[in-house]
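> Quick one: the structure is below, questions incoming.
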Amino acid sequence: MIINIHDHPYDIKSSQILFQFFSKFATERHYLDGTIVDRGGFVQAPEESIKEMDEAGVDKTVILNSCAIPNEHIYETYLKPYPGRFIGFTGSSPVVRDANGLSNNSFNQKNWEDTRRSITELGFTGMKLLPAYEHYSAVDPRVYPFYALAADLNVPIIMHMAGTPVRFVALQHARPIDADRVLFDFPTLRFNLPHMGWPWEDELLAMMVRSPNLYTDISQIGETGLKRTAKCLITARDFGVLPRVMFGTDPLCRPIKMYIDFIKNGINKVAAEQGERPFTEDEINGILGGTALKFLGLNPETAKM
Ligand SMILES: [Zn+2]
């Protein structure tokens with residue numbers, strides 16, 4: 001089973017909302033081949049996403065809402081029409097944002113209630129938090145009611161703790177270590193701090209060694225270099241945390257098929273170049289989907305289509 005643990009909605013309405021959100025801040029992104037694209041420029045209808053998944057052999061894709069889009073829209077556009085194919089994570093904003101998209105000082109009670117309702121009534125599987133994008137710290141007391149909610153409902157959290165080329169991001173809140181205290185306060189909660197913590201991969205991997213419910217994914221890191229991805233996977237294996245590393249794409253690790261081929265074959269080419277032992281089939285299957293089943297709390301038998 002192949003699960004893309006980290007992707008976003010690209011339907012026209014979501015893209016327009018995200019474009020408005022991002023266009024307030026000059027930002028451009030770079031493809032691996034050197035093409036520069038606008039962050040809001042990627043539009044793909046849900047049926048095209050399904051086609052892309054089918055062509056690449058992806059069984060399920062986790063759609064992460066990036067705060068600005070109503071969860072209801074993700075439900076109507078992705079979850080309801082394609083049950084079993086798309087898995088939803090709420091866009092959760094613990095602090096109220098001002099007109100510039102940055103946080104002011106109030107706790108976002110409305111969003112907390114919407115997050116709870118989206119999980120309990122609309123079937124969202126987990127919660128997405130973006131501290132650095134919304135200029136708050138992962139240890140801010142206003143975030144704790146969201147952690148507590150996830151713990152109560154036994155759902156996982158994906159929280160962006162990594163660098164990004166997006167211009168307005170507050171990097172002082174982006175380092176994985178900024179979330180360290182939270183792992184002590186919620187030891188049983190499953191967290192995915194994605195992108196292998198790029199460019200602080202070693203920091204994140206050291207946290208994973210200590211915290212058995214901490215996961216990561218390789219989305220976006222492909223954008224910064226496939227060789228770097230392979231080397232990080234080797235380090236993760238050396239540290240004994242490879243069974244908690246998951247495959248994901250984000251918008252720019254595309255074509256998806258290329259990234260899957262890279263996991264299936266390319267990482268072993270890099271391992272050979274580095275004089276490292278090859279990744280086993282079990283290890284590769286774990287990265288591609290087995291680990292995501294565990295992280296998402298899905299039963300491998302009933303998850304099959
Ligand atoms: Zn993402």
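By convention in this document, the chains of the structure tokens carry letters A, B, ... by their order, each chain's residues are numbered from 1, and ligands are numbered from 1 in the order they are shown.
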Determine, counting only C-alpha atoms, which protein, DNA and RNA residues have an atom within 6 Å of an atom of region 250-262 of chain A; residues of the same chain fewer than 2 positions away are not included. Present the result as a compact mmCIF listing (two decimals) with N, CA and C atoms, in the first residue's frame.

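Saved to selection01.txt:
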# COMPACT_ATOMS: atom_id res chain seq x y z
N HIS A 6 1.53 13.53 2.96
CA HIS A 6 1.62 15.00 3.03
C HIS A 6 1.35 15.64 1.66
N ASP A 7 0.09 16.02 1.46
CA ASP A 7 -0.24 16.80 0.26
C ASP A 7 -1.32 17.81 0.64
N ALA A 56 0.38 6.71 -10.44
CA ALA A 56 1.60 6.52 -9.64
C ALA A 56 1.47 5.35 -8.67
N SER A 219 8.43 14.75 2.63
CA SER A 219 7.89 15.71 1.67
C SER A 219 8.74 16.98 1.70
N GLN A 220 8.76 17.66 0.58
CA GLN A 220 9.53 18.90 0.37
C GLN A 220 11.03 18.67 0.36
N GLU A 223 12.54 18.29 -2.86
CA GLU A 223 12.72 19.55 -3.56
C GLU A 223 14.13 20.12 -3.31
N LYS A 264 11.79 3.57 -4.39
CA LYS A 264 11.91 2.15 -4.72
C LYS A 264 13.30 1.78 -5.21
N ASN A 265 13.93 2.66 -6.00
CA ASN A 265 15.21 2.30 -6.63
C ASN A 265 16.34 3.28 -6.33
N GLY A 266 16.03 4.58 -6.40
CA GLY A 266 17.09 5.60 -6.33
C GLY A 266 17.85 5.61 -5.01
> For chain A against ligand 1, with a cut-off of 12 Å and counting only C-alpha atoms and all ligand atoms, what is the closest atom pair and its distance in Å to one decimal for every residue that makes the cut, ordered by chain and number, as JSON lines?

{"residue": "A:Asn4", "atom": "CA", "partner": "ligand 1", "partner_atom_place_in_ligand_line": "1 (Zn)", "distance": 11.4}
{"residue": "A:Ile5", "atom": "CA", "partner": "ligand 1", "partner_atom_place_in_ligand_line": "1 (Zn)", "distance": 9.7}
{"residue": "A:His6", "atom": "CA", "partner": "ligand 1", "partner_atom_place_in_ligand_line": "1 (Zn)", "distance": 6.0}
{"residue": "A:Asp7", "atom": "CA", "partner": "ligand 1", "partner_atom_place_in_ligand_line": "1 (Zn)", "distance": 6.0}
{"residue": "A:His8", "atom": "CA", "partner": "ligand 1", "partner_atom_place_in_ligand_line": "1 (Zn)", "distance": 6.5}
{"residue": "A:Pro9", "atom": "CA", "partner": "ligand 1", "partner_atom_place_in_ligand_line": "1 (Zn)", "distance": 10.1}
{"residue": "A:Tyr10", "atom": "CA", "partner": "ligand 1", "partner_atom_place_in_ligand_line": "1 (Zn)", "distance": 11.9}
{"residue": "A:Arg39", "atom": "CA", "partner": "ligand 1", "partner_atom_place_in_ligand_line": "1 (Zn)", "distance": 11.6}
{"residue": "A:Val62", "atom": "CA", "partner": "ligand 1", "partner_atom_place_in_ligand_line": "1 (Zn)", "distance": 10.3}
{"residue": "A:Ile63", "atom": "CA", "partner": "ligand 1", "partner_atom_place_in_ligand_line": "1 (Zn)", "distance": 9.2}
{"residue": "A:Leu64", "atom": "CA", "partner": "ligand 1", "partner_atom_place_in_ligand_line": "1 (Zn)", "distance": 7.1}
{"residue": "A:Asn65", "atom": "CA", "partner": "ligand 1", "partner_atom_place_in_ligand_line": "1 (Zn)", "distance": 8.8}
{"residue": "A:Ser66", "atom": "CA", "partner": "ligand 1", "partner_atom_place_in_ligand_line": "1 (Zn)", "distance": 7.8}
{"residue": "A:Cys67", "atom": "CA", "partner": "ligand 1", "partner_atom_place_in_ligand_line": "1 (Zn)", "distance": 11.4}
{"residue": "A:Phe89", "atom": "CA", "partner": "ligand 1", "partner_atom_place_in_ligand_line": "1 (Zn)", "distance": 11.4}
{"residue": "A:Gly91", "atom": "CA", "partner": "ligand 1", "partner_atom_place_in_ligand_line": "1 (Zn)", "distance": 11.3}
{"residue": "A:Lys128", "atom": "CA", "partner": "ligand 1", "partner_atom_place_in_ligand_line": "1 (Zn)", "distance": 9.4}
{"residue": "A:Leu129", "atom": "CA", "partner": "ligand 1", "partner_atom_place_in_ligand_line": "1 (Zn)", "distance": 10.4}
{"residue": "A:Leu130", "atom": "CA", "partner": "ligand 1", "partner_atom_place_in_ligand_line": "1 (Zn)", "distance": 9.4}
{"residue": "A:Tyr133", "atom": "CA", "partner": "ligand 1", "partner_atom_place_in_ligand_line": "1 (Zn)", "distance": 11.2}
{"residue": "A:Ile158", "atom": "CA", "partner": "ligand 1", "partner_atom_place_in_ligand_line": "1 (Zn)", "distance": 9.4}
{"residue": "A:Met159", "atom": "CA", "partner": "ligand 1", "partner_atom_place_in_ligand_line": "1 (Zn)", "distance": 9.5}
{"residue": "A:His160", "atom": "CA", "partner": "ligand 1", "partner_atom_place_in_ligand_line": "1 (Zn)", "distance": 7.5}
{"residue": "A:Met161", "atom": "CA", "partner": "ligand 1", "partner_atom_place_in_ligand_line": "1 (Zn)", "distance": 10.7}
{"residue": "A:Ala162", "atom": "CA", "partner": "ligand 1", "partner_atom_place_in_ligand_line": "1 (Zn)", "distance": 10.5}
{"residue": "A:Gly163", "atom": "CA", "partner": "ligand 1", "partner_atom_place_in_ligand_line": "1 (Zn)", "distance": 11.3}
{"residue": "A:Thr164", "atom": "CA", "partner": "ligand 1", "partner_atom_place_in_ligand_line": "1 (Zn)", "distance": 9.6}
{"residue": "A:Pro165", "atom": "CA", "partner": "ligand 1", "partner_atom_place_in_ligand_line": "1 (Zn)", "distance": 11.9}
{"residue": "A:Val166", "atom": "CA", "partner": "ligand 1", "partner_atom_place_in_ligand_line": "1 (Zn)", "distance": 11.4}
{"residue": "A:Asn192", "atom": "CA", "partner": "ligand 1", "partner_atom_place_in_ligand_line": "1 (Zn)", "distance": 11.6}
{"residue": "A:Leu193", "atom": "CA", "partner": "ligand 1", "partner_atom_place_in_ligand_line": "1 (Zn)", "distance": 10.8}
{"residue": "A:Pro194", "atom": "CA", "partner": "ligand 1", "partner_atom_place_in_ligand_line": "1 (Zn)", "distance": 8.1}
{"residue": "A:His195", "atom": "CA", "partner": "ligand 1", "partner_atom_place_in_ligand_line": "1 (Zn)", "distance": 8.4}
{"residue": "A:Asp217", "atom": "CA", "partner": "ligand 1", "partner_atom_place_in_ligand_line": "1 (Zn)", "distance": 10.2}
{"residue": "A:Ile218", "atom": "CA", "partner": "ligand 1", "partner_atom_place_in_ligand_line": "1 (Zn)", "distance": 10.5}
{"residue": "A:Ser219", "atom": "CA", "partner": "ligand 1", "partner_atom_place_in_ligand_line": "1 (Zn)", "distance": 7.3}
{"residue": "A:Gln220", "atom": "CA", "partner": "ligand 1", "partner_atom_place_in_ligand_line": "1 (Zn)", "distance": 7.4}
{"residue": "A:Ile221", "atom": "CA", "partner": "ligand 1", "partner_atom_place_in_ligand_line": "1 (Zn)", "distance": 10.8}
{"residue": "A:Glu223", "atom": "CA", "partner": "ligand 1", "partner_atom_place_in_ligand_line": "1 (Zn)", "distance": 12.0}
{"residue": "A:Gly248", "atom": "CA", "partner": "ligand 1", "partner_atom_place_in_ligand_line": "1 (Zn)", "distance": 8.9}
{"residue": "A:Thr249", "atom": "CA", "partner": "ligand 1", "partner_atom_place_in_ligand_line": "1 (Zn)", "distance": 8.0}
{"residue": "A:Asp250", "atom": "CA", "partner": "ligand 1", "partner_atom_place_in_ligand_line": "1 (Zn)", "distance": 4.8}
{"residue": "A:Pro251", "atom": "CA", "partner": "ligand 1", "partner_atom_place_in_ligand_line": "1 (Zn)", "distance": 7.2}
{"residue": "A:Leu252", "atom": "CA", "partner": "ligand 1", "partner_atom_place_in_ligand_line": "1 (Zn)", "distance": 9.4}
{"residue": "A:Cys253", "atom": "CA", "partner": "ligand 1", "partner_atom_place_in_ligand_line": "1 (Zn)", "distance": 10.5}
> Would you list the contacts of region 201-207 of chain A as a PyMOL selection string, taking every protein, DNA or RNA residue within 9 Å and counting only C-alpha atoms, but skipping same-chain residues closer than 6 positions in sequence?
chain A and resi 162+175-177+180+193+195+214+216+232+235-236+239+241
> Using only C-alpha atoms, what table do you get, as JSON lines, when you list each residue of region 143-212 of chain A with an atom no more than 8 Å from region 100-124 of chain A, its nearest pair of atoms, and their distance in Å rounded to one decimal, rows by chain then rising number?

{"residue": "A:Pro145", "atom": "CA", "partner": "A:Trp112", "partner_atom": "CA", "distance": 7.8}
{"residue": "A:Phe146", "atom": "CA", "partner": "A:Trp112", "partner_atom": "CA", "distance": 6.7}
{"residue": "A:Leu149", "atom": "CA", "partner": "A:Arg116", "partner_atom": "CA", "distance": 7.3}
> Produce a file of the selected residues containing N, CA and C atoms, as a PDB file, in the first residue's frame.

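Below you can see result08.pdb, which holds the result:
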ATOM      1  N   PRO A 145      -4.742  23.715  24.207  1.00  0.00           N
ATOM      2  CA  PRO A 145      -6.085  23.126  24.069  1.00  0.00           C
ATOM      3  C   PRO A 145      -6.236  22.305  22.776  1.00  0.00           C
ATOM      4  N   PHE A 146      -5.471  22.635  21.734  1.00  0.00           N
ATOM      5  CA  PHE A 146      -5.523  21.859  20.490  1.00  0.00           C
ATOM      6  C   PHE A 146      -4.818  20.515  20.682  1.00  0.00           C
ATOM      7  N   LEU A 149      -7.086  18.376  22.724  1.00  0.00           N
ATOM      8  CA  LEU A 149      -8.207  17.874  21.927  1.00  0.00           C
ATOM      9  C   LEU A 149      -7.770  16.647  21.113  1.00  0.00           C
TER      10      LEU A 149
END
> Contacts of Ile17 (chain A) at 8 Å or less, counting only C-alpha atoms, minus same-chain residues fewer than 3 places along, as an MDAnalysis selection string?
chainID A and resid 13:14 20:21 68:69
> Could you save those same residues with C-alpha atoms as a PDB file, in the first residue's frame?

ATOM      1  CA  LYS A  13     -11.323  27.382  -4.857  1.00  0.00           C
ATOM      2  CA  SER A  14      -8.583  26.189  -2.467  1.00  0.00           C
ATOM      3  CA  GLN A  20      -4.645  35.343  -1.787  1.00  0.00           C
ATOM      4  CA  PHE A  21      -3.000  34.221   1.439  1.00  0.00           C
ATOM      5  CA  ALA A  68      -6.989  29.457   5.328  1.00  0.00           C
ATOM      6  CA  ILE A  69      -9.444  27.076   3.624  1.00  0.00           C
TER       7      ILE A  69
END
